[in-house]
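The file protein_27.txt contains compact mmCIF, C-alpha atoms:
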```
# COMPACT_ATOMS: atom_id res chain seq x y z
CA MET O 165 -26.41 -76.91 34.91
CA LYS O 166 -28.89 -78.24 32.45
CA PHE O 167 -28.42 -75.15 30.39
CA GLU O 168 -24.84 -75.94 29.59
CA LYS O 169 -25.75 -79.28 28.23
CA ARG O 170 -28.29 -77.91 25.83
CA ARG O 171 -25.95 -75.38 24.28
CA ALA O 172 -25.33 -76.02 20.63
CA THR O 173 -21.94 -77.28 19.68
CA ILE O 174 -21.75 -75.52 16.34
CA LYS O 175 -18.60 -73.54 15.72
CA GLN O 176 -19.25 -69.82 15.84
CA GLU O 177 -16.71 -68.27 13.55
CA ILE O 178 -16.96 -65.67 10.87
CA PRO O 179 -15.17 -67.03 7.83
CA THR O 180 -12.19 -64.78 7.19
CA THR O 181 -10.88 -66.46 4.07
CA SER O 182 -12.45 -63.83 1.84
CA MET O 183 -11.18 -60.90 3.86
CA PRO O 184 -7.97 -60.51 1.82
CA ASP O 185 -10.08 -60.39 -1.33
CA ILE O 186 -12.18 -57.59 0.05
CA VAL O 187 -9.13 -55.71 1.21
CA PHE O 188 -7.50 -56.18 -2.17
CA MET O 189 -10.56 -54.75 -3.84
CA LEU O 190 -10.33 -51.67 -1.64
CA LEU O 191 -6.64 -51.52 -2.40
CA MET O 192 -7.31 -51.63 -6.12
CA PHE O 193 -9.77 -48.79 -5.79
CA PHE O 194 -7.30 -46.58 -4.01
CA MET O 195 -4.48 -47.49 -6.35
CA ILE O 196 -6.53 -46.39 -9.30
CA VAL O 197 -7.82 -43.24 -7.66
CA THR O 198 -4.43 -42.12 -6.39
CA THR O 199 -2.60 -39.50 -8.32
CA LEU O 200 0.74 -39.10 -6.70
CA ARG O 201 1.63 -35.47 -6.65
CA GLU O 202 4.45 -35.15 -9.10
CA VAL O 203 5.22 -31.47 -8.83
CA THR O 204 6.14 -29.42 -5.84
CA VAL O 205 4.39 -26.13 -5.72
CA LEU O 206 6.94 -23.40 -5.22
CA VAL O 207 4.65 -20.42 -5.07
CA ASP O 208 2.45 -19.26 -2.26
CA PHE O 209 -1.16 -18.79 -3.23
CA SER O 210 -4.71 -18.98 -1.95
CA LEU O 211 -7.43 -19.69 -4.45
CA PRO O 212 -10.55 -17.56 -4.78
CA GLU O 213 -13.94 -18.99 -3.94
CA ALA O 214 -16.81 -19.38 -6.36
CA LYS O 215 -20.16 -21.08 -6.72
CA ALA O 216 -20.64 -21.84 -10.39
CA LEU O 217 -17.94 -24.48 -10.54
CA GLU O 218 -17.34 -27.27 -12.98
CA LYS O 219 -15.27 -30.33 -12.44
CA ILE O 220 -12.49 -31.10 -14.84
CA GLU O 221 -13.58 -34.38 -16.32
CA ASN O 222 -10.28 -35.59 -17.63
CA LYS O 223 -7.28 -35.22 -15.38
CA ARG O 224 -4.82 -36.40 -18.00
CA LEU O 225 -5.47 -33.31 -20.05
CA VAL O 226 -4.79 -30.87 -17.26
CA ASN O 227 -1.67 -28.81 -17.01
CA TYR O 228 -1.21 -26.37 -14.22
CA LEU O 229 0.00 -22.84 -14.18
CA TRP O 230 0.47 -21.18 -10.84
CA VAL O 231 0.60 -17.52 -10.09
CA GLY O 232 1.57 -16.85 -6.54
CA LYS O 233 2.15 -13.88 -4.34
CA GLY O 234 4.66 -11.46 -5.73
CA ASP O 235 3.60 -12.24 -9.33
CA LYS O 236 5.64 -15.40 -9.53
CA ILE O 237 4.63 -17.74 -12.31
CA GLN O 238 5.26 -21.44 -12.07
CA ILE O 239 4.78 -24.00 -14.80
CA SER O 240 5.53 -27.67 -14.11
CA ASP O 241 8.49 -27.75 -11.76
CA SER O 242 10.06 -24.37 -12.14
CA PHE O 243 9.42 -20.67 -12.28
CA ALA O 244 8.73 -19.20 -15.67
CA LYS O 245 8.91 -15.75 -17.10
CA LEU O 246 5.98 -14.23 -18.86
CA GLU O 247 7.82 -14.27 -22.17
CA ASP O 248 8.55 -17.99 -21.84
CA ILE O 249 4.96 -19.07 -21.38
CA GLN O 250 4.22 -19.12 -25.07
CA SER O 251 7.03 -21.48 -26.02
CA ILE O 252 6.54 -23.78 -23.03
CA MET O 253 2.83 -24.04 -23.54
CA TYR O 254 3.12 -24.47 -27.28
CA ALA O 255 5.38 -27.47 -26.73
CA LYS O 256 2.91 -28.90 -24.27
CA ARG O 257 0.08 -28.38 -26.67
CA GLN O 258 1.95 -30.19 -29.41
CA ALA O 259 2.17 -33.22 -27.17
CA LEU O 260 -1.42 -32.98 -26.02
CA PRO O 261 -3.70 -31.26 -28.52
CA ASN O 262 -6.75 -30.71 -26.34
CA ILE O 263 -4.88 -29.60 -23.30
CA ILE O 264 -6.65 -27.77 -20.50
CA ILE O 265 -4.68 -25.17 -18.61
CA SER O 266 -5.76 -24.92 -15.03
CA LEU O 267 -4.89 -21.49 -13.74
CA ARG O 268 -4.21 -21.57 -10.05
CA ILE O 269 -3.95 -17.92 -9.32
CA ASP O 270 -3.65 -16.16 -6.02
CA ARG O 271 -6.75 -14.20 -5.21
CA ASN O 272 -4.85 -10.95 -4.78
CA ALA O 273 -3.06 -11.05 -8.11
CA ASP O 274 -3.46 -8.16 -10.52
CA MET O 275 -5.66 -8.64 -13.55
CA GLY O 276 -3.02 -7.01 -15.71
CA LEU O 277 -0.71 -9.96 -15.27
CA ILE O 278 -3.56 -12.41 -15.81
CA THR O 279 -4.52 -10.72 -19.06
CA ASP O 280 -0.90 -10.91 -20.19
CA ILE O 281 -0.77 -14.61 -19.36
CA GLN O 282 -4.00 -15.19 -21.22
CA GLN O 283 -2.62 -13.39 -24.25
CA GLU O 284 0.43 -15.63 -24.16
CA LEU O 285 -1.79 -18.70 -23.87
CA ARG O 286 -3.80 -17.55 -26.84
CA LYS O 287 -0.63 -17.15 -28.85
CA ALA O 288 0.32 -20.70 -27.88
CA PHE O 289 -3.14 -21.92 -28.95
CA CYS O 290 -3.89 -23.21 -25.47
CA LEU O 291 -7.44 -22.03 -25.54
CA ARG O 292 -9.13 -24.21 -22.96
CA ILE O 293 -8.52 -22.76 -19.56
CA ASN O 294 -9.97 -23.24 -16.14
CA TYR O 295 -9.82 -20.71 -13.37
CA SER O 296 -9.23 -22.93 -10.39
CA ALA O 297 -11.39 -22.01 -7.43
CA ASN O 298 -12.62 -23.50 -4.21
CA VAL O 299 -16.23 -24.17 -3.44
CA LYS O 300 -17.96 -21.35 -1.67
CA ILE O 301 -20.38 -22.58 0.94
CA MET B 65 -3.63 -99.27 -7.51
CA ALA B 66 -1.13 -99.91 -4.85
CA PHE B 67 0.78 -96.97 -6.18
CA ILE B 68 -1.85 -94.50 -5.10
CA LYS B 69 -2.07 -95.96 -1.67
CA ARG B 70 1.58 -95.47 -1.08
CA ARG B 71 1.57 -91.76 -1.85
CA VAL B 72 2.12 -89.69 1.22
CA LEU B 73 -0.16 -86.69 1.37
CA ARG B 74 2.01 -83.90 2.58
CA SER B 75 0.22 -80.69 3.16
CA ALA B 76 2.17 -78.17 1.17
CA GLU B 77 0.38 -74.88 1.65
CA ILE B 78 1.53 -71.35 1.70
CA PRO B 79 0.27 -69.81 4.89
CA THR B 80 -2.24 -67.21 3.89
CA ALA B 81 -3.10 -65.95 7.33
CA SER B 82 -0.85 -62.94 6.94
CA GLN B 83 -2.09 -62.07 3.48
CA ALA B 84 -4.77 -59.86 4.91
CA ASP B 85 -2.20 -58.00 6.96
CA LEU B 86 -0.07 -57.39 3.92
CA ALA B 87 -3.03 -56.18 1.95
CA PHE B 88 -3.97 -53.88 4.79
CA LEU B 89 -0.49 -52.41 4.85
CA LEU B 90 -0.60 -51.66 1.16
CA LEU B 91 -4.09 -50.29 1.54
CA LEU B 92 -2.97 -47.98 4.30
CA PHE B 93 -0.12 -46.70 2.18
CA PHE B 94 -2.45 -45.80 -0.65
CA LEU B 95 -5.04 -44.36 1.72
CA VAL B 96 -2.46 -42.03 3.18
CA SER B 97 -0.86 -41.02 -0.08
CA THR B 98 -4.13 -40.41 -1.92
CA VAL B 99 -4.93 -36.83 -2.62
CA ILE B 100 -8.44 -36.78 -3.91
CA ASP B 101 -8.29 -33.14 -4.76
CA VAL B 102 -11.15 -32.64 -7.09
CA ASP B 103 -10.16 -30.06 -9.60
CA THR B 104 -12.90 -27.54 -9.61
CA GLY B 105 -12.90 -24.25 -11.35
CA ILE B 106 -14.58 -22.01 -13.82
CA GLY B 107 -14.02 -23.27 -17.32
CA MET B 108 -13.49 -20.86 -20.17
CA THR B 109 -12.45 -21.07 -23.77
CA LEU B 110 -10.22 -18.30 -25.00
CA PRO B 111 -10.61 -16.93 -28.49
CA GLU B 112 -7.88 -17.60 -31.00
CA TYR B 113 -5.15 -15.05 -31.25
CA VAL B 114 -5.32 -12.77 -34.23
CA GLU B 115 -3.00 -9.89 -34.94
CA ASP B 116 -5.51 -7.35 -36.12
CA VAL B 117 -8.69 -7.52 -34.20
CA GLU B 118 -11.74 -6.81 -36.26
CA THR B 119 -14.33 -5.00 -34.29
CA VAL B 120 -17.91 -5.89 -34.95
CA GLU B 121 -20.74 -3.67 -33.91
CA ILE B 122 -23.10 -5.42 -31.59
CA SER B 123 -26.45 -3.92 -30.75
CA LYS B 124 -26.76 -2.59 -27.22
CA ASP B 125 -29.72 -4.85 -26.69
CA ARG B 126 -27.66 -7.99 -27.21
CA MET B 127 -24.77 -6.94 -25.07
CA ALA B 128 -24.35 -6.79 -21.33
CA SER B 129 -21.10 -5.28 -20.31
CA VAL B 130 -19.65 -5.77 -16.89
CA LEU B 131 -16.91 -3.39 -15.92
CA ILE B 132 -14.85 -3.83 -12.80
CA ASN B 133 -12.53 -1.08 -11.68
CA GLU B 134 -9.46 -1.34 -9.51
CA SER B 135 -11.29 -0.90 -6.24
CA GLY B 136 -13.77 -3.64 -7.10
CA ASP B 137 -16.76 -1.50 -8.02
CA VAL B 138 -18.94 -2.95 -10.73
CA LEU B 139 -20.75 -1.25 -13.57
CA LEU B 140 -23.39 -3.19 -15.48
CA ASP B 141 -24.23 -1.36 -18.69
CA GLY B 142 -23.11 1.90 -17.19
CA GLN B 143 -25.11 1.50 -14.01
CA PRO B 144 -23.30 0.93 -10.74
CA ILE B 145 -24.40 -2.36 -9.23
CA SER B 146 -23.33 -4.49 -6.31
CA LEU B 147 -21.37 -7.60 -7.16
CA PHE B 148 -24.03 -9.94 -5.83
CA GLN B 149 -26.84 -8.42 -7.87
CA ILE B 150 -25.26 -9.31 -11.19
CA THR B 151 -26.97 -12.72 -11.34
CA ALA B 152 -30.39 -11.26 -10.61
CA ALA B 153 -29.91 -8.46 -13.11
CA LEU B 154 -28.72 -10.74 -15.91
CA LYS B 155 -31.24 -13.54 -15.54
CA PRO B 156 -34.28 -11.78 -17.05
CA ARG B 157 -32.12 -10.55 -19.89
CA ILE B 158 -30.95 -14.07 -20.72
CA GLN B 159 -34.47 -15.40 -20.36
CA SER B 160 -35.89 -12.83 -22.75
CA LYS B 161 -33.64 -14.23 -25.47
CA LEU B 162 -34.51 -17.90 -25.05
CA ASP B 163 -36.47 -18.15 -28.29
CA GLN B 164 -34.13 -16.02 -30.33
CA PRO B 165 -31.81 -17.58 -32.94
CA LYS B 166 -28.25 -18.26 -31.97
CA ASN B 167 -26.82 -15.05 -33.33
CA LYS B 168 -29.18 -12.99 -31.20
CA LYS B 169 -28.41 -14.48 -27.79
CA LEU B 170 -27.05 -12.37 -25.00
CA ILE B 171 -23.33 -11.73 -24.87
CA VAL B 172 -21.81 -10.84 -21.55
CA SER B 173 -18.61 -8.93 -21.76
CA ILE B 174 -16.37 -8.69 -18.75
CA LYS B 175 -13.78 -6.00 -18.67
CA THR B 176 -11.36 -5.20 -15.93
CA ASP B 177 -8.72 -2.67 -15.19
CA ARG B 178 -5.10 -3.79 -15.10
CA LYS B 179 -5.05 -3.09 -11.40
CA THR B 180 -8.24 -4.98 -10.61
CA VAL B 181 -7.79 -7.73 -8.05
CA TYR B 182 -8.17 -11.21 -9.52
CA ASN B 183 -10.65 -12.18 -6.83
CA ALA B 184 -13.08 -9.45 -7.91
CA TYR B 185 -12.89 -10.69 -11.48
CA ILE B 186 -13.58 -14.28 -10.42
CA GLN B 187 -16.51 -13.18 -8.28
CA ALA B 188 -18.01 -11.29 -11.22
CA LEU B 189 -17.38 -14.18 -13.61
CA ASP B 190 -18.93 -16.52 -11.07
CA GLN B 191 -22.04 -14.37 -10.87
CA VAL B 192 -22.36 -14.29 -14.64
CA LYS B 193 -21.92 -18.05 -14.94
CA LEU B 194 -24.40 -18.57 -12.14
CA ALA B 195 -26.97 -16.52 -14.03
CA PHE B 196 -26.53 -18.70 -17.11
CA PHE B 197 -26.67 -21.90 -15.05
CA GLU B 198 -29.81 -20.85 -13.22
CA VAL B 199 -31.55 -19.94 -16.45
CA ARG B 200 -30.56 -23.31 -17.88
CA ASP B 201 -31.88 -25.10 -14.82
CA GLU B 202 -35.17 -23.24 -14.84
CA TYR B 203 -35.66 -23.72 -18.56
CA SER B 204 -34.93 -27.44 -18.41
CA ASN B 205 -37.23 -27.72 -15.41
CA SER B 206 -40.06 -26.18 -17.34
CA LYS B 207 -39.36 -28.24 -20.42
CA PHE B 208 -38.29 -31.63 -19.13
CA GLY B 209 -39.19 -31.42 -15.46
CA ARG B 210 -35.64 -32.17 -14.47
CA ARG B 211 -32.58 -30.18 -13.65
CA TYR B 212 -29.92 -29.60 -16.25
CA ILE B 213 -27.41 -32.05 -14.79
CA ASP B 214 -30.00 -34.84 -14.75
CA LEU B 215 -30.70 -34.56 -18.46
CA ASP B 216 -29.24 -36.96 -20.98
CA GLU B 217 -26.78 -35.82 -23.56
CA THR B 218 -29.10 -34.90 -26.42
CA GLU B 219 -31.32 -32.96 -24.08
CA GLN B 220 -28.31 -31.21 -22.60
CA ASN B 221 -27.18 -30.23 -26.05
CA GLU B 222 -30.62 -28.85 -26.75
CA MET B 223 -30.33 -26.78 -23.59
CA LYS B 224 -26.92 -25.58 -24.63
CA GLU B 225 -28.43 -24.46 -27.92
CA ALA B 226 -31.15 -22.57 -26.13
CA VAL B 227 -28.96 -21.04 -23.46
CA PRO B 228 -25.43 -20.79 -24.77
CA ILE B 229 -22.91 -19.32 -22.38
CA ILE B 230 -21.28 -16.53 -24.30
CA ILE B 231 -18.84 -14.60 -22.19
CA SER B 232 -16.39 -12.29 -23.78
CA ILE B 233 -13.24 -11.31 -21.99
CA ALA B 234 -12.37 -7.96 -23.39
CA GLU B 235 -9.18 -7.56 -25.39
CA PRO B 236 -6.56 -5.73 -23.43
CA GLU B 237 -6.38 -2.18 -24.58
CA LYS B 238 -3.20 -0.39 -25.26
CA VAL B 239 -3.04 2.38 -22.76
CA VAL B 240 -2.14 5.68 -24.33
CA LYS B 241 -0.79 8.15 -21.91
```
File written out as structure tokens:
Amino acid sequence: MKFEKRRATIKQEIPTTSMPDIVFMLLMFFMIVTTLREVTVLVDFSLPEAKALEKIENKRLVNYLWVGKGDKIQISDSFAKLEDIQSIMYAKRQALPNIIISLRIDRNADMGLITDIQQELRKAFCLRINYSANVKI
Amino acid sequence: MAFIKRRVLRSAEIPTASQADLAFLLLLFFLVSTVIDVDTGIGMTLPEYVEDVETVEISKDRMASVLINESGDVLLDGQPISLFQITAALKPRIQSKLDQPKNKKLIVSIKTDRKTVYNAYIQALDQVKLAFFEVRDEYSNSKFGRRYIDLDETEQNEMKEAVPIIISIAEPEKVVK
């Protein structure tokens, strides 16, 4: 029983007062990183895969254009017709001069439609585009 | 001094024990709702729209034309080629023009049929981009001993001068039947 006597009487506790601070820091990080998805995607699409990918540096500049199965085109929250792309995109470009259009196109879409869309984008002066693709491993 | 003595020291503290729990709750919410979907893709810049397209003759030597038909077969300068050989075929051609002035660099033109599947186009574009990227990497390795992405901005710009990525998406042709 001698052992018990010799045991140190120092409190053995990890100080937890700074734990909220650490958690708040984590919280801040996630709050900043989070982009709540503001649009619901109405079209059905699967992106192609590619290797030579670039990241879009500035998310604020990005506007999406979806082309899903059955040649449906979606801009923002609703379907759009091919003829409407020019006016919609021109308005968007007025608000945001160096806008990047991210084209999220189904891998089985026809190039004819894509060329038409690109022509419309050119007419709307939205010249920076990005063919969205997943990373091929 | 008697005044001070008479003051009763009440402990008026907000209990902070649950603060961590609250913070954790908020943290969990943001963890769950976060979509870190990194936007990756192949960046391109379209040419401005002009009504009447002026055609400029470009010497055959400067031009590499990639044609993709509706069944996904690829022609590189008239020669049938497999999709995955495009990078290897283009690289020496880009490299041979490293020291040339800017208006002599290689132009890659990609042309598709209206019925070509988008995926085939992206695969071809990917191969072409890959060729340019690999040439850039090799050139910067030989010059600076580092890869292109590790260079600083002025060096990167120098690389961009030496190996500009010029890809032309062919104008849609009016089909006469």
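Shortest atom-to-atom contact with chain B among O:Ile293, O:Ile264, O:Ile186, O:Ile249: O:Ile293, counting only C-alpha atoms.
Taking only C-alpha atoms into account, those protein, DNA and RNA residues with any atom at most 12 Å away from (-2.8, -46.2, 0.1) amount to Val187, Phe188, Leu190, Leu191, Met192, Phe193, Phe194, Met195, Ile196, Val197, Thr198, Thr199 and Leu200 of chain O; Ala87, Phe88, Leu89, Leu90, Leu91, Leu92, Phe93, Phe94, Leu95, Val96, Ser97, Thr98, Val99 and Ile100 of chain B.
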message: Quick check: residues of chain B within 6 Å of chain O, only C-alpha atoms, returned as a PyMOL selection string.
response: chain B and resi 84+91+94+98+103-110+112-113+178-183+190+194
message: Which residues are close to Gln143 of chain B, i.e. within 12 Å by all atoms listed in the file, leaving aside same-chain residues fewer than 6 positions away? Reply as number ranges by chain.
response: B: 128-132, 137, 149-150, 153
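Between atom CA of Asn221 of chain B and atom CA of Ile174 of chain B the interatomic distance comes to 25.2 Å.
Shortest atom-to-atom contact with Glu225 of chain B among B:Arg157, B:Lys166, B:Arg126, B:Arg74: B:Lys166, counting only C-alpha atoms.
Residues lying within 12 Å of Arg211 of chain B, counting only C-alpha atoms and ignoring same-chain neighbours fewer than 2 positions away, are Phe197, Glu198, Val199, Arg200, Asp201, Glu202, Tyr203, Ser204, Asn205, Ser206, Lys207, Phe208, Gly209, Ile213, Asp214, Leu215, Asp216, Glu219, Gln220 and Met223 of chain B.
Relative to atom CA of Ile231 of chain B, atom CA of Asp248 of chain O is found at 27.6 Å.
Picture a line from atom CA of Glu177 of chain O to atom CA of Thr80 of chain B; it runs 17.4 Å.
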statement: If you count only C-alpha atoms, the residue of O:Ala259, O:Met253, O:Leu206, O:Leu225 closest to Gln238 of chain O turns out to be O:Leu206
Find the residues with any atom within 9 Å of (4.9, -29.1, -8.0); use all atoms listed in the file and the coordinates as given in the file, and write the answer as a PDB file with C-alpha atoms, keeping the file's coordinate frame.
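And here is the file that came out, out-v6.pdb:
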```pdb
ATOM      1  CA  ARG O 201       1.630 -35.470  -6.650  1.00  0.00           C
ATOM      2  CA  GLU O 202       4.450 -35.150  -9.100  1.00  0.00           C
ATOM      3  CA  VAL O 203       5.220 -31.470  -8.830  1.00  0.00           C
ATOM      4  CA  THR O 204       6.140 -29.420  -5.840  1.00  0.00           C
ATOM      5  CA  VAL O 205       4.390 -26.130  -5.720  1.00  0.00           C
ATOM      6  CA  LEU O 206       6.940 -23.400  -5.220  1.00  0.00           C
ATOM      7  CA  GLN O 238       5.260 -21.440 -12.070  1.00  0.00           C
ATOM      8  CA  ILE O 239       4.780 -24.000 -14.800  1.00  0.00           C
ATOM      9  CA  SER O 240       5.530 -27.670 -14.110  1.00  0.00           C
ATOM     10  CA  ASP O 241       8.490 -27.750 -11.760  1.00  0.00           C
ATOM     11  CA  SER O 242      10.060 -24.370 -12.140  1.00  0.00           C
TER      12      SER O 242
END
```
